[in-house]
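Down below is the structure, laid out as structure tokens.
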Amino acid sequence: MTKTRTALYRLFDAQDTLLYVGIAEDPKKRWAQHAADKAWWPQVSRRDVEWLSDRGLAEEAERSAIEAENPIHNTRHAAPRLSNQEIASLFAQYKATVELERQLRPKVKQAAGQEMLAGATVSQLAKLTGLTPEYFRRIARAEGVERLRPPTVGKLKLEGDPS
């Protein structure tokens, strides 16, 4: 099998928005095909071309570029786009989740203080809630919960101290 030099090209509009990523052995011929059948073609104002040593490498590079850069008009290899309704629903769900978290936060703080006074550790509470251990350390300090061990991070080593 002979290796055929292949171009990986990116097409941009005047605002530098990535419109399309493709590959071709003859990019000018491929662009003429796009011009004949793509409604978005008149938006193209800049073309970047990178030559690769063979088509297989170009296909891999094309797939990676489409997945990573998400050009507007690629459908093959592209991440599925959400509809306006899906986006609105996603944002509404997120807003509701944030509001619920705001409502639960004071209750979680109160329960965490009680649990730490009863012997629960910040690590245990962090695992149960998904919050950081530092969040619970702050609650412990505010509630006057005694530490089970001295802090190990941020200790200053005194001059002449062998430890």
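Here's how to read the names in the structure tokens: chain A, B, ... by the order shown, residue numbers from 1 in each chain, ligand numbers from 1 in the order shown.
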Practice item. Check the DSSP output for the backbone and give back, as a list in words, the residues of chain A in strand (DSSP E or B). Key: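 These are the residues in question: Thr6, Ala7, Leu8, Tyr9, Arg10, Leu11, Phe12, Leu18, Leu19, Tyr20, Val21, Gly22, Ile23, Ala24, Arg46, Arg47, Asp48, Val49, Glu50, Trp51 and Leu52 of chain A.
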Exercise for review: Excluding region 54-66 of chain A and residues on its chain fewer than 2 positions from it, collect all residues at most 6 Å away from it, counting only C-alpha atoms, and give them as a PyMOL selection string.
Suggested key: chain A and resi 3-6+52+68-70+77-78
Exercise for review: List the neighbours of region 9-20 of chain A out to 8 Å using only C-alpha atoms; skip same-chain residues closer than 5 positions along the sequence, and give me the result as a ChimeraX atom specification.
Suggested key: /A:27,43-50,69-74
Since we have the selection now, will you write its residues out, keeping all heavy atoms, as a compact mmCIF listing (two decimals), in the first residue's frame?
# COMPACT_ATOMS: atom_id res chain seq x y z
N PRO A 27 -7.01 19.36 -1.70
CA PRO A 27 -7.92 20.24 -0.98
C PRO A 27 -8.70 21.20 -1.88
O PRO A 27 -9.88 21.43 -1.66
CB PRO A 27 -7.03 21.02 -0.02
CG PRO A 27 -5.73 20.30 0.02
CD PRO A 27 -5.64 19.49 -1.22
N GLN A 43 -19.60 31.38 4.18
CA GLN A 43 -19.07 31.93 5.43
C GLN A 43 -17.56 31.77 5.55
O GLN A 43 -16.93 32.44 6.37
CB GLN A 43 -19.72 31.23 6.63
CG GLN A 43 -21.21 31.42 6.74
CD GLN A 43 -21.81 30.54 7.82
OE1 GLN A 43 -21.12 30.09 8.73
NE2 GLN A 43 -23.09 30.27 7.72
N VAL A 44 -16.97 30.87 4.77
CA VAL A 44 -15.54 30.57 4.89
C VAL A 44 -14.72 31.78 4.47
O VAL A 44 -14.85 32.29 3.37
CB VAL A 44 -15.15 29.33 4.05
CG1 VAL A 44 -13.64 29.10 4.09
CG2 VAL A 44 -15.90 28.11 4.51
N SER A 45 -13.85 32.23 5.40
CA SER A 45 -12.96 33.35 5.06
C SER A 45 -11.49 33.01 5.25
O SER A 45 -10.63 33.75 4.80
CB SER A 45 -13.33 34.59 5.90
OG SER A 45 -13.03 34.36 7.24
N ARG A 46 -11.22 31.89 5.93
CA ARG A 46 -9.82 31.48 6.13
C ARG A 46 -9.73 29.97 6.10
O ARG A 46 -10.62 29.26 6.58
CB ARG A 46 -9.32 32.01 7.47
CG ARG A 46 -7.85 31.68 7.75
CD ARG A 46 -7.30 32.45 8.94
NE ARG A 46 -7.89 32.11 10.21
CZ ARG A 46 -7.45 31.12 11.01
NH1 ARG A 46 -6.43 30.39 10.66
NH2 ARG A 46 -8.04 30.89 12.17
N ARG A 47 -8.64 29.47 5.50
CA ARG A 47 -8.39 28.03 5.41
C ARG A 47 -6.99 27.75 5.92
O ARG A 47 -6.03 28.35 5.47
CB ARG A 47 -8.48 27.58 3.95
CG ARG A 47 -9.77 27.95 3.30
CD ARG A 47 -9.69 27.75 1.79
NE ARG A 47 -10.78 28.48 1.17
CZ ARG A 47 -10.90 28.68 -0.11
NH1 ARG A 47 -9.99 28.21 -0.96
NH2 ARG A 47 -11.92 29.34 -0.59
N ASP A 48 -6.89 26.81 6.87
CA ASP A 48 -5.58 26.37 7.36
C ASP A 48 -5.37 24.94 6.86
O ASP A 48 -6.26 24.10 7.00
CB ASP A 48 -5.52 26.38 8.88
CG ASP A 48 -5.44 27.78 9.47
OD1 ASP A 48 -5.30 28.74 8.69
OD2 ASP A 48 -5.54 27.91 10.69
N VAL A 49 -4.19 24.68 6.32
CA VAL A 49 -3.89 23.35 5.78
C VAL A 49 -2.62 22.82 6.43
O VAL A 49 -1.62 23.53 6.55
CB VAL A 49 -3.70 23.41 4.25
CG1 VAL A 49 -3.35 22.04 3.69
CG2 VAL A 49 -4.93 23.97 3.57
N GLU A 50 -2.70 21.55 6.84
CA GLU A 50 -1.55 20.84 7.40
C GLU A 50 -1.40 19.55 6.60
O GLU A 50 -2.34 18.76 6.49
CB GLU A 50 -1.83 20.53 8.87
CG GLU A 50 -0.78 19.71 9.55
CD GLU A 50 -1.18 19.35 10.99
OE1 GLU A 50 -2.18 19.87 11.51
OE2 GLU A 50 -0.47 18.51 11.57
N GLU A 69 -12.09 19.96 18.91
CA GLU A 69 -12.35 21.35 18.54
C GLU A 69 -13.81 21.64 18.22
O GLU A 69 -14.21 22.79 18.13
CB GLU A 69 -11.44 21.74 17.36
CG GLU A 69 -9.96 21.59 17.71
CD GLU A 69 -9.05 21.67 16.48
OE1 GLU A 69 -9.33 22.49 15.59
OE2 GLU A 69 -8.08 20.89 16.44
N ASN A 70 -14.60 20.60 18.02
CA ASN A 70 -16.05 20.70 17.82
C ASN A 70 -16.46 21.74 16.77
O ASN A 70 -17.20 22.68 17.07
CB ASN A 70 -16.73 20.99 19.17
CG ASN A 70 -18.14 20.48 19.20
OD1 ASN A 70 -18.54 19.67 18.37
ND2 ASN A 70 -18.91 20.95 20.15
N PRO A 71 -16.02 21.57 15.52
CA PRO A 71 -16.42 22.51 14.48
C PRO A 71 -17.93 22.50 14.25
O PRO A 71 -18.58 21.47 14.43
CB PRO A 71 -15.68 22.00 13.24
CG PRO A 71 -15.19 20.66 13.57
CD PRO A 71 -15.22 20.47 15.03
N ILE A 72 -18.47 23.63 13.87
CA ILE A 72 -19.92 23.81 13.76
C ILE A 72 -20.57 22.86 12.75
O ILE A 72 -21.64 22.33 13.01
CB ILE A 72 -20.23 25.28 13.37
CG1 ILE A 72 -19.85 26.20 14.52
CG2 ILE A 72 -21.70 25.45 13.03
CD1 ILE A 72 -19.96 27.66 14.19
N HIS A 73 -19.94 22.63 11.60
CA HIS A 73 -20.62 21.90 10.52
C HIS A 73 -20.16 20.46 10.31
O HIS A 73 -20.62 19.81 9.37
CB HIS A 73 -20.51 22.69 9.21
CG HIS A 73 -21.21 24.01 9.29
ND1 HIS A 73 -22.58 24.12 9.39
CD2 HIS A 73 -20.74 25.28 9.33
CE1 HIS A 73 -22.92 25.39 9.47
NE2 HIS A 73 -21.81 26.12 9.43
N ASN A 74 -19.31 19.94 11.16
CA ASN A 74 -18.96 18.52 11.07
C ASN A 74 -20.03 17.71 11.79
O ASN A 74 -20.46 18.08 12.88
CB ASN A 74 -17.60 18.22 11.70
CG ASN A 74 -16.46 18.64 10.82
OD1 ASN A 74 -16.00 19.76 10.91
ND2 ASN A 74 -16.00 17.74 9.98
Determine, for each residue of region 50-110 of chain A having at least one atom at most 12 Å from an atom of region 123-144 of chain A, the closest pair of atoms and their separation in Å to one decimal, counting only C-alpha atoms; order by chain and ascending number, as a Markdown table.
| residue | atom | partner | partner_atom | distance |
| --- | --- | --- | --- | --- |
| A:Glu101 | CA | A:Thr129 | CA | 11.3 |
| A:Leu104 | CA | A:Thr129 | CA | 11.3 |
| A:Arg105 | CA | A:Leu131 | CA | 10.6 |
| A:Pro106 | CA | A:Ile139 | CA | 11.0 |
| A:Val108 | CA | A:Thr129 | CA | 8.8 |
| A:Lys109 | CA | A:Ile139 | CA | 6.9 |
| A:Gln110 | CA | A:Ile139 | CA | 8.8 |
Practice item. Rank nothing, just name the residue among A:Pro42, A:Ala118, A:Val21, A:Gly113 nearest to Thr75 (chain A), using only C-alpha atoms. Key: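 Looking only at the distances to Thr75 (chain A), the closest residue turns out to be A:Val21.
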Practice item. Quote the spacing between CA of Val122 (chain A) and CA of Val145 (chain A) in Å to one decimal place. Key: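 Distance reported for this atom pair: 10.9 Å.
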